[in-house]
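J.: For reference, this is work.cif, and it has mmCIF, C-alpha atoms.
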data_my_file
loop_
_atom_site.label_atom_id
_atom_site.label_comp_id
_atom_site.auth_asym_id
_atom_site.auth_seq_id
_atom_site.Cartn_x
_atom_site.Cartn_y
_atom_site.Cartn_z
CA MET A 1 171.52 -158.95 105.37
CA THR A 2 172.55 -157.01 102.32
CA LYS A 3 175.64 -157.71 100.31
CA GLU A 4 178.01 -154.98 99.27
CA GLN A 5 176.96 -155.17 95.61
CA ASP A 6 173.24 -154.54 96.23
CA TRP A 7 173.41 -151.42 98.39
CA PRO A 8 172.30 -149.19 95.45
CA GLU A 9 169.04 -151.15 95.26
CA VAL A 10 168.54 -150.79 99.01
CA ARG A 11 169.19 -147.05 98.79
CA ASP A 12 166.76 -146.75 95.86
CA ALA A 13 164.07 -148.66 97.78
CA VAL A 14 164.41 -146.33 100.78
CA ARG A 15 164.35 -143.28 98.47
CA GLU A 16 161.22 -144.51 96.68
CA PHE A 17 159.47 -145.34 99.96
CA ALA A 18 160.33 -141.97 101.54
CA LEU A 19 159.17 -140.04 98.47
CA GLY A 20 155.83 -141.89 98.70
CA LEU A 21 155.08 -140.37 102.11
CA PRO A 22 152.63 -137.42 102.14
CA GLY A 23 154.30 -134.12 101.26
CA ALA A 24 157.77 -135.63 100.77
CA VAL A 25 160.16 -133.97 98.30
CA GLU A 26 163.70 -134.69 97.17
CA GLU A 27 166.42 -132.04 97.26
CA PHE A 28 170.19 -131.99 96.77
CA PRO A 29 171.82 -129.57 99.21
CA TRP A 30 175.59 -129.96 99.61
CA GLY A 31 175.54 -132.35 96.63
CA GLU A 32 173.74 -135.00 98.70
CA CYS A 33 170.27 -136.46 98.27
CA VAL A 34 167.88 -135.66 101.11
CA ILE A 35 164.17 -136.24 101.50
CA LYS A 36 162.21 -133.45 103.17
CA VAL A 37 158.73 -132.81 104.44
CA ASN A 38 157.56 -129.29 105.23
CA LYS A 39 161.09 -128.02 104.41
CA LYS A 40 162.63 -130.31 107.07
CA ILE A 41 164.93 -133.21 106.28
CA PHE A 42 163.82 -136.62 107.50
CA VAL A 43 166.19 -138.84 105.49
CA PHE A 44 169.75 -138.22 104.32
CA LEU A 45 170.71 -140.58 101.47
CA GLY A 46 174.16 -139.14 100.83
CA ALA A 47 176.03 -138.40 97.63
CA GLU A 48 175.44 -140.57 94.59
CA ASP A 49 178.91 -139.98 93.16
CA GLY A 50 180.71 -142.44 95.44
CA SER A 51 182.61 -139.69 97.23
CA HIS A 52 181.40 -140.99 100.60
CA PRO A 53 180.59 -144.49 101.84
CA PRO A 54 176.91 -145.34 101.20
CA ALA A 55 174.66 -144.73 104.20
CA VAL A 56 171.19 -143.67 105.27
CA THR A 57 170.75 -141.18 108.10
CA VAL A 58 167.43 -140.95 109.94
CA LYS A 59 166.08 -139.33 113.10
CA LEU A 60 165.00 -142.00 115.60
CA THR A 61 163.67 -140.64 118.86
CA GLU A 62 161.94 -143.85 119.99
CA GLU A 63 164.44 -145.48 122.34
CA ASP A 64 164.21 -149.07 121.06
CA ALA A 65 164.49 -148.11 117.37
CA HIS A 66 167.40 -145.79 118.14
CA ALA A 67 169.25 -148.51 120.04
CA HIS A 68 168.52 -151.07 117.31
CA ALA A 69 169.87 -148.75 114.61
CA LEU A 70 173.03 -148.09 116.62
CA SER A 71 173.54 -151.84 116.97
CA MET A 72 174.02 -152.20 113.19
CA PRO A 73 177.64 -152.75 112.07
CA GLY A 74 179.31 -149.38 111.57
CA ALA A 75 176.28 -147.34 112.68
CA ARG A 76 176.94 -144.22 114.72
CA PRO A 77 175.30 -141.00 115.85
CA ALA A 78 175.23 -138.56 112.95
CA GLY A 79 177.92 -135.91 112.71
CA TYR A 80 177.66 -132.14 113.03
CA GLY A 81 175.95 -132.51 116.42
CA LEU A 82 172.87 -134.15 114.89
CA GLY A 83 173.45 -137.32 116.89
CA LYS A 84 172.46 -135.45 120.06
CA SER A 85 168.97 -135.06 118.58
CA GLY A 86 168.55 -138.73 117.72
CA TRP A 87 170.00 -138.81 114.19
CA VAL A 88 171.72 -142.10 113.33
CA ARG A 89 173.94 -142.83 110.32
CA VAL A 90 173.60 -146.45 109.16
CA PRO A 91 176.03 -147.81 106.53
CA LEU A 92 174.49 -149.59 103.55
CA ASP A 93 177.50 -151.62 102.51
CA GLY A 94 179.34 -154.41 104.22
CA GLU A 95 178.39 -157.50 106.12
CA GLY A 96 175.37 -157.11 108.40
CA ALA A 97 173.97 -153.99 106.73
CA PRO A 98 170.19 -153.72 107.24
CA ARG A 99 167.74 -154.62 104.50
CA ALA A 100 165.44 -152.11 102.84
CA PRO A 101 162.24 -152.96 104.82
CA LEU A 102 163.92 -152.12 108.13
CA LEU A 103 165.43 -148.92 106.72
CA CYS A 104 161.99 -147.96 105.37
CA ASP A 105 160.50 -148.48 108.85
CA TRP A 106 163.15 -146.14 110.24
CA ALA A 107 162.51 -143.62 107.45
CA GLU A 108 158.82 -143.65 108.38
CA GLU A 109 159.64 -143.12 112.05
CA SER A 110 161.91 -140.23 111.10
CA TYR A 111 159.11 -138.79 108.96
CA ARG A 112 156.66 -139.03 111.86
CA VAL A 113 159.08 -137.11 114.10
CA VAL A 114 159.59 -134.30 111.57
CA ALA A 115 156.29 -134.03 109.64
CA PRO A 116 153.39 -131.79 110.66
CA LYS A 117 150.57 -133.56 112.47
CA ARG A 118 148.17 -133.11 109.54
CA LEU A 119 150.52 -135.05 107.22
CA VAL A 120 151.05 -137.79 109.81
CA ALA A 121 147.25 -138.04 110.08
CA GLU A 122 147.07 -138.31 106.27
CA LEU A 123 149.63 -141.12 106.37
CA ASP A 124 147.70 -142.92 109.12
CA ALA A 125 144.46 -142.58 107.14
CA SER A 126 146.10 -144.23 104.12
CA VAL A 127 147.19 -147.33 106.08
CA PRO A 128 144.60 -150.12 105.97
CA PRO A 129 143.23 -150.97 109.43
CA ALA A 130 144.45 -154.20 111.02
CA GLY A 131 142.06 -157.11 110.76
CA PRO A 132 141.33 -159.67 113.49
CA SER A 133 144.52 -161.57 112.63
CA GLY A 134 146.60 -158.39 112.95
CA GLU A 135 147.09 -158.11 109.19
CA GLY A 136 146.02 -155.13 107.10
CA ALA A 137 142.68 -155.21 105.30
CA GLU A 138 142.80 -156.15 101.63
#
Would it be possible to restate this file's structure as structure tokens?
T.:
Amino acid sequence: MTKEQDWPEVRDAVREFALGLPGAVEEFPWGECVIKVNKKIFVFLGAEDGSHPPAVTVKLTEEDAHAHALSMPGARPAGYGLGKSGWVRVPLDGEGAPRAPLLCDWAEESYRVVAPKRLVAELDASVPPAGPSGEGAE
């Protein structure tokens, strides 16, 4: 699990991953970093100025992923009524905070929920097919 001092690197890894998804753009409404696709937010990365505790917020509609995210220490349904639609706020600092690869998986799931089908198809086309051992082709 992450340590309190490396949460900026985790946040940066999630940001970089999310911006690598087809059609993803970064914007700063309300003074917070968000990643959007087709003008819809799929990842909230919060304010960079330290005015709020570091967290990532993603939309997880798949039941197992949603439950797993909520099981993280300090995780909770997102505020402003977003939690009712599957949005989960996951803290990046403190003991037991998730590592970047898991957060990137959740960012991709959130992207798939929000992105247009043509961009999801583009993403799927860019992923190497699984070989006989279940690993991606090289």
J.: From the list A:Pro53, A:Pro73, A:Pro22, A:Gly96, which residue is nearest Ser126 in chain A when using all atoms listed in the file?
T.: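 Smallest distance to Ser126 in chain A is found for A:Pro22.
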J.: Need to verify the contact set: Asp64 in chain A, 12 Å, only C-alpha atoms, exclusion of same-chain residues closer than 5 positions in sequence. Can you return it as a CSV table (one decimal) with C-alpha atoms, in the coordinates of the input?
T.:
chain,number,residue,atom,x,y,z
A,69,ALA,CA,169.9,-148.8,114.6
A,70,LEU,CA,173.0,-148.1,116.6
A,71,SER,CA,173.5,-151.8,117.0
A,86,GLY,CA,168.6,-138.7,117.7
A,106,TRP,CA,163.2,-146.1,110.2
A,109,GLU,CA,159.6,-143.1,112.0
J.: For this file, the PyMOL selection byres ((chain A and resi 19) around 12) selects which residues, as a PDB file with C-alpha atoms, in the frame of the given file?
T.:
ATOM      1  CA  ASP A  12     166.760-146.750  95.860  1.00  0.00           C
ATOM      2  CA  ALA A  13     164.070-148.660  97.780  1.00  0.00           C
ATOM      3  CA  VAL A  14     164.410-146.330 100.780  1.00  0.00           C
ATOM      4  CA  ARG A  15     164.350-143.280  98.470  1.00  0.00           C
ATOM      5  CA  GLU A  16     161.220-144.510  96.680  1.00  0.00           C
ATOM      6  CA  PHE A  17     159.470-145.340  99.960  1.00  0.00           C
ATOM      7  CA  ALA A  18     160.330-141.970 101.540  1.00  0.00           C
ATOM      8  CA  GLY A  20     155.830-141.890  98.700  1.00  0.00           C
ATOM      9  CA  LEU A  21     155.080-140.370 102.110  1.00  0.00           C
ATOM     10  CA  PRO A  22     152.630-137.420 102.140  1.00  0.00           C
ATOM     11  CA  GLY A  23     154.300-134.120 101.260  1.00  0.00           C
ATOM     12  CA  ALA A  24     157.770-135.630 100.770  1.00  0.00           C
ATOM     13  CA  VAL A  25     160.160-133.970  98.300  1.00  0.00           C
ATOM     14  CA  GLU A  26     163.700-134.690  97.170  1.00  0.00           C
ATOM     15  CA  GLU A  27     166.420-132.040  97.260  1.00  0.00           C
ATOM     16  CA  CYS A  33     170.270-136.460  98.270  1.00  0.00           C
ATOM     17  CA  VAL A  34     167.880-135.660 101.110  1.00  0.00           C
ATOM     18  CA  ILE A  35     164.170-136.240 101.500  1.00  0.00           C
ATOM     19  CA  LYS A  36     162.210-133.450 103.170  1.00  0.00           C
ATOM     20  CA  VAL A  37     158.730-132.810 104.440  1.00  0.00           C
ATOM     21  CA  ILE A  41     164.930-133.210 106.280  1.00  0.00           C
ATOM     22  CA  PHE A  42     163.820-136.620 107.500  1.00  0.00           C
ATOM     23  CA  VAL A  43     166.190-138.840 105.490  1.00  0.00           C
ATOM     24  CA  LEU A  45     170.710-140.580 101.470  1.00  0.00           C
ATOM     25  CA  CYS A 104     161.990-147.960 105.370  1.00  0.00           C
ATOM     26  CA  ALA A 107     162.510-143.620 107.450  1.00  0.00           C
ATOM     27  CA  GLU A 108     158.820-143.650 108.380  1.00  0.00           C
ATOM     28  CA  TYR A 111     159.110-138.790 108.960  1.00  0.00           C
TER      29      TYR A 111
END
J.: Return the single residue from A:Pro98, A:Met72, A:Arg118, A:Arg11 that is closest to Phe44 in chain A, with distances computed using only C-alpha atoms.
T.: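 Under the stated criterion, the closest residue is A:Arg11.
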J.: Considering all atoms listed in the file, can you say which of A:Arg112, A:His66, A:Lys39, A:Glu32 comes closest to Ser51 in chain A?
T.: A:Glu32
J.: Choose the residue, out of A:Pro8, A:His68, A:Gly74, A:Gly94, that has the smallest atom-to-atom separation from Asp49 in chain A; count all atoms listed in the file.
T.: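 Ranking A:Pro8, A:His68, A:Gly74, A:Gly94 by distance to Asp49 in chain A, first place goes to A:Pro8.
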J.: For a test of reading the model, state the distance in Å between CA of Glu9 in chain A and CA of Val90 in chain A, rounded to one decimal.
T.: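 It comes out at 15.4 Å.
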J.: Restricting the calculation to all atoms listed in the file: of A:Val120, A:Lys84, A:Pro77, A:Gly31, which residue gets closest to Val56 in chain A?
T.: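 Among A:Val120, A:Lys84, A:Pro77, A:Gly31, it is A:Pro77 that comes nearest to Val56 in chain A.
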J.: Can you measure CA of Asp93 in chain A to CA of Ala55 in chain A for me? One decimal in Å is fine.
T.: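 Between these atoms lies a distance of 7.6 Å.
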J.: What is the distance, in Å and to one decimal place, between CA of Trp30 in chain A and CA of Lys59 in chain A?
T.: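 CA of Lys59 in chain A lies at a distance of 19.0 Å from CA of Trp30 in chain A.
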J.: How big is the axis-aligned box around the listed atoms of range 96-102 of chain A once 8 Å is added on each side, and where is its centre? Give both in Å to one decimal, as lines of an AutoDock Vina configuration file.
T.:
center_x = 168.8
center_y = -154.6
center_z = 105.6
size_x = 29.1
size_y = 21.0
size_z = 21.6
J.: Using all atoms listed in the file, which protein or nucleic acid residues come within 6 Å of Val58 in chain A? Drop anything in the same chain fewer than 2 positions from it, and give the result as a PyMOL selection string.
T.: chain A and resi 43+87-88+110
J.: Select, from A:Lys117, A:Glu95, A:Thr57, A:Leu123, the residue with the minimum atom-to-atom distance to Gly79 in chain A, counting only C-alpha atoms.
T.: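 Closest to Gly79 in chain A, using only C-alpha atoms: A:Thr57.
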